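Working notes, beginning with the structure itself.
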Amino acid sequence: MTTATVVGAGIAGLTVAVGLHRAGWSVQVLEQEQTVRASGTAVLLQRTAVNGLESLGLGPGIDARAIPLTGLQLRTRGGLPISPSRPPSGAVLIERADLAGLLRDSLPEPALVLGHPLVAGDLASACADAALVVGADGVHSTLRGALFGRAYRATATGTTVWRGTAEVTTAGLTEYWGQRRRFGISGRPSGGTNWYATATATVPPARRMSGQEESEELQRLFGHWDGAVAATVASIGEGSVLRHDIHHLARRLPRYQLGNVALIGDAAHAMTPDLGRGANEAILDALSLVGNLEAHDRVDRALAAYDRSRRRVTQLTAAASLAVHTLIHCAPGQTIPTTPGDHARPRSDA
Ligand SMILES: Cc1cc2nc3c(=O)[nH]c(=O)nc-3n(C[C@H](O)[C@H](O)[C@H](O)COP(=O)(O)OP(=O)(O)OC[C@H]3O[C@@H](n4cnc5c(N)ncnc54)[C@H](O)[C@@H]3O)c2cc1C
């Protein structure tokens, strides 16, 4: 049996592990956390990603836990429609924890090694011990740094995202755009509302705010917007808000594979969340990698074919996502920072 080590048990790592396991590989997934982390709320999956998950036998689980996306609309902060309501055909919303659980439950228990970070110094021995190493270790990927260097570290865009759930009723997904701010609400598979908001970062990344401070900040930024936004913000419970600064991979990787290591998901192409494509592309990367390993008798040829099929399309998607991010969050003449680091702010070309 051929062996693979997958680094990271996020959506990318779990999907590739399930695919490799079904293809007859012996897989070990190294995850630095003590649990399979699935922080965040619902994730929007497009038809192609759902088809891919169905090909791994997850169809019944997805049908039981996801809800179809019934509408998708852009509005001004005051509620005027910017776009007609046109949901992408076959798209669904599923809680991240449910998706992670479905994937994890499709793996044999010993495959998952929790509380085991792979450090850069261990990469050479991991590559010697397994026929394939998959770097699925997310936006701040250790494997990307080890293979391509510090110039390919993630960059802070200078914007913050808040996420949470609220006990108000919503159908479909509506995004409200204001000046350098955005608020999105969508239905949840388990009822209620899944919400997210983005704005220019106002506090340093390391600063922790209390639940009350987070709620007050959201009230200040969005409490006077359209009624649906104001009602959602008013019902946000203290301690239920997730906040982090958005990072992306500003410099495109020259390749997604080196030796017997392949990078997938955010490790390969961390993008801003504006198009809701990161998890979708992670799933498609995983399936492409597995498909190419099945189609080629040599790992190096399979990885080269994977790189050819996925690099261009994902880098274009990342560029499109960044363009939307810039449109929403930058004043005319400003651009999103491209230098790796944590303290970036949108800057002026002038
Ligand atoms: C606000 C927001 C909303 C989004 N909404 C959507 C959406 O609707 N649709 C969509 O498609 N995408 C969406 N995305 C993007 C999506 O969440 C990510 O692209 C996706 O989760 C990336 O999955 P991943 O497995 O590559 O990385 P991650 O989910 O980050 O997983 C990486 C895993 O690797 C582990 N790890 C890291 N380093 C090591 C190490 N050295 N050793 C071992 N383990 C390690 C981590 O603990 C983690 O478990 C959104 C993102 C944000 C921020």
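Each chain of the structure tokens is named A, B, ... in the order shown, its residues numbered from 1; ligands are numbered from 1 in display order.
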
Hey, what's within 8 Å of Asn292 of chain A if we count only C-alpha atoms and toss same-chain stuff fewer than 5 positions away? As JSON, numbers by chain, please? {"A": [302, 303, 305, 306]}

DSSP strand (DSSP E) residues within segment 233-292 of chain A, as a PyMOL selection string: chain A and resi 242-248+257-258+261-263

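Coordinates place atom 3 (C, counted along the ligand's line) of ligand 1 at a distance of 10.4 Å from atom CA of Met271 of chain A.
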
With only C-alpha atoms as the counted atoms, please give the residues lying no more than 8 Å from Leu284 of chain A, apart from itself and same-chain residues fewer than 6 positions off, as an MDAnalysis selection string. chainID A and resid 48:49 52

Test item: residues at most 9 Å from Val29 of chain A, only C-alpha atoms, excluding those fewer than 5 positions along its chain, as number ranges by chain: A: 4-9, 13-14, 17, 111-114

Same residues, N, CA and C atoms, output as a CSV table (one decimal), in the first residue's frame:
chain,number,residue,atom,x,y,z
A,4,ALA,N,0.8,8.1,2.4
A,4,ALA,CA,0.8,9.6,2.2
A,4,ALA,C,0.7,10.2,3.6
A,5,THR,N,1.4,11.3,3.8
A,5,THR,CA,1.2,12.1,5.0
A,5,THR,C,0.6,13.4,4.6
A,6,VAL,N,-0.5,13.7,5.3
A,6,VAL,CA,-1.3,15.0,5.0
A,6,VAL,C,-1.0,15.9,6.2
A,7,VAL,N,-0.6,17.1,6.0
A,7,VAL,CA,-0.4,18.0,7.1
A,7,VAL,C,-1.5,19.0,7.2
A,8,GLY,N,-2.3,18.9,8.2
A,8,GLY,CA,-3.5,19.8,8.4
A,8,GLY,C,-4.8,19.1,8.2
A,9,ALA,N,-5.7,19.2,9.2
A,9,ALA,CA,-7.0,18.5,9.1
A,9,ALA,C,-8.1,19.6,9.0
A,13,GLY,N,-7.3,19.2,3.9
A,13,GLY,CA,-6.6,18.0,4.3
A,13,GLY,C,-7.5,16.8,4.5
A,14,LEU,N,-8.7,17.1,5.1
A,14,LEU,CA,-9.6,16.0,5.3
A,14,LEU,C,-10.1,15.4,4.0
A,17,ALA,N,-7.5,13.4,2.3
A,17,ALA,CA,-7.3,12.2,3.0
A,17,ALA,C,-8.4,11.2,2.7
A,111,ALA,N,-6.1,7.1,11.3
A,111,ALA,CA,-5.5,8.0,10.3
A,111,ALA,C,-5.2,9.4,10.8
A,112,LEU,N,-6.0,9.8,11.8
A,112,LEU,CA,-5.9,11.2,12.3
A,112,LEU,C,-5.0,11.3,13.5
A,113,VAL,N,-3.9,12.0,13.4
A,113,VAL,CA,-3.0,12.2,14.5
A,113,VAL,C,-3.1,13.6,15.1
A,114,LEU,N,-3.8,13.8,16.2
A,114,LEU,CA,-4.1,15.1,16.7
A,114,LEU,C,-3.0,15.6,17.6

Counting only C-alpha atoms and all ligand atoms, what are the residues of chain A within 8 Å of ligand 1, and for each of them which pair of atoms is the nearest and at what distance in Å, to one decimal? Sort the table by chain and rising number, as CSV.
residue,atom,partner,partner_atom_place_in_ligand_line,distance
A:Val7,CA,ligand 1,43 (C),5.0
A:Gly8,CA,ligand 1,34 (O),3.2
A:Ala9,CA,ligand 1,49 (O),4.6
A:Gly10,CA,ligand 1,31 (O),3.4
A:Ile11,CA,ligand 1,25 (O),4.0
A:Ala12,CA,ligand 1,25 (O),3.7
A:Gly13,CA,ligand 1,25 (O),5.5
A:Leu14,CA,ligand 1,25 (O),7.5
A:Leu30,CA,ligand 1,43 (C),5.1
A:Glu31,CA,ligand 1,44 (N),3.8
A:Gln32,CA,ligand 1,44 (N),4.0
A:Glu33,CA,ligand 1,47 (O),5.3
A:Val36,CA,ligand 1,49 (O),6.3
A:Arg37,CA,ligand 1,49 (O),5.5
A:Ala38,CA,ligand 1,29 (O),7.4
A:Gly40,CA,ligand 1,1 (C),7.3
A:Ala42,CA,ligand 1,8 (O),6.9
A:Val43,CA,ligand 1,8 (O),3.9
A:Leu44,CA,ligand 1,8 (O),3.8
A:Leu45,CA,ligand 1,9 (N),5.8
A:Gln46,CA,ligand 1,11 (O),7.8
A:Leu93,CA,ligand 1,8 (O),7.8
A:Gly115,CA,ligand 1,43 (C),7.9
A:His116,CA,ligand 1,43 (C),6.0
A:Pro117,CA,ligand 1,42 (N),3.4
A:Leu118,CA,ligand 1,42 (N),4.0
A:Val119,CA,ligand 1,41 (N),5.5
A:Ala120,CA,ligand 1,41 (N),7.6
A:Ala136,CA,ligand 1,26 (O),5.4
A:Asp137,CA,ligand 1,34 (O),3.5
A:Gly138,CA,ligand 1,27 (O),3.6
A:Val139,CA,ligand 1,30 (O),5.9
A:His140,CA,ligand 1,38 (N),7.0
A:Ser141,CA,ligand 1,38 (N),5.7
A:Thr142,CA,ligand 1,41 (N),5.2
A:Leu143,CA,ligand 1,41 (N),7.2
A:Val161,CA,ligand 1,1 (C),5.9
A:Trp162,CA,ligand 1,1 (C),7.1
A:Arg163,CA,ligand 1,1 (C),6.5
A:Tyr196,CA,ligand 1,1 (C),6.6
A:His244,CA,ligand 1,53 (C),7.9
A:Ile246,CA,ligand 1,53 (C),6.5
A:Ile264,CA,ligand 1,26 (O),6.4
A:Gly265,CA,ligand 1,26 (O),3.6
A:Asp266,CA,ligand 1,26 (O),3.9
A:Ala267,CA,ligand 1,26 (O),5.8
A:Ala268,CA,ligand 1,26 (O),7.9
A:Ala270,CA,ligand 1,19 (O),6.4
A:Met271,CA,ligand 1,19 (O),6.9
A:Thr272,CA,ligand 1,51 (C),7.1
A:Pro273,CA,ligand 1,51 (C),4.7
A:Asp274,CA,ligand 1,4 (C),7.7
A:Leu275,CA,ligand 1,9 (N),7.5
A:Gly276,CA,ligand 1,9 (N),3.7
A:Arg277,CA,ligand 1,11 (O),3.6
A:Gly278,CA,ligand 1,19 (O),3.1
A:Ala279,CA,ligand 1,11 (O),3.4
A:Asn280,CA,ligand 1,11 (O),4.0
A:Glu281,CA,ligand 1,11 (O),6.6
A:Ala282,CA,ligand 1,26 (O),5.6

Grab the atom CA of Leu102 of chain A to atom CA of Ala23 of chain A distance for me, in Å with one decimal place.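 Computing it gives 17.9 Å between the two atoms.
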
Between atom CA of Ala295 of chain A and atom CA of Leu20 of chain A, distance in Å (one decimal): 12.8 Å

Neighbours of segment 322-337 of chain A within 12 Å (only C-alpha atoms; same-chain residues fewer than 3 positions away dropped), as a PyMOL selection string? chain A and resi 76+154-161+175-183+197-201+246-251+269-277+315-319+340-350

DSSP on the backbone: which residues in segment 102-272 of chain A end up as helix (DSSP H, G or I)? Give the answer as a VMD selection string. chain A and resid 102 to 104 109 to 111 120 to 129 142 to 148 150 to 152 211 to 222 227 to 234 266 to 269

Name the residues in contact with segment 70-72 of chain A at a cut-off of 7 Å, using only C-alpha atoms, excluding same-chain residues fewer than 5 positions from it; report them as a list of chain:residue names.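 Contacts, in chain order: A:Ser85, A:Arg86, A:Pro87, A:Ala171, A:Gly172, A:Leu173, A:Thr174.
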
Using only C-alpha atoms, can you tell me which of A:Leu218, A:Val133, A:Ser240, A:Ala64 comes closest to Val299 of chain A?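 Looking only at the distances to Val299 of chain A, the closest residue turns out to be A:Val133.
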
Ser26 of chain A environment, 7 Å, only C-alpha atoms, sequence neighbours closer than 5 positions dropped, as a list of chain:residue names: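 Near neighbours after the sequence-gap exclusion: A:Met1, A:Thr2, A:Thr3, A:Ala4, A:His21.
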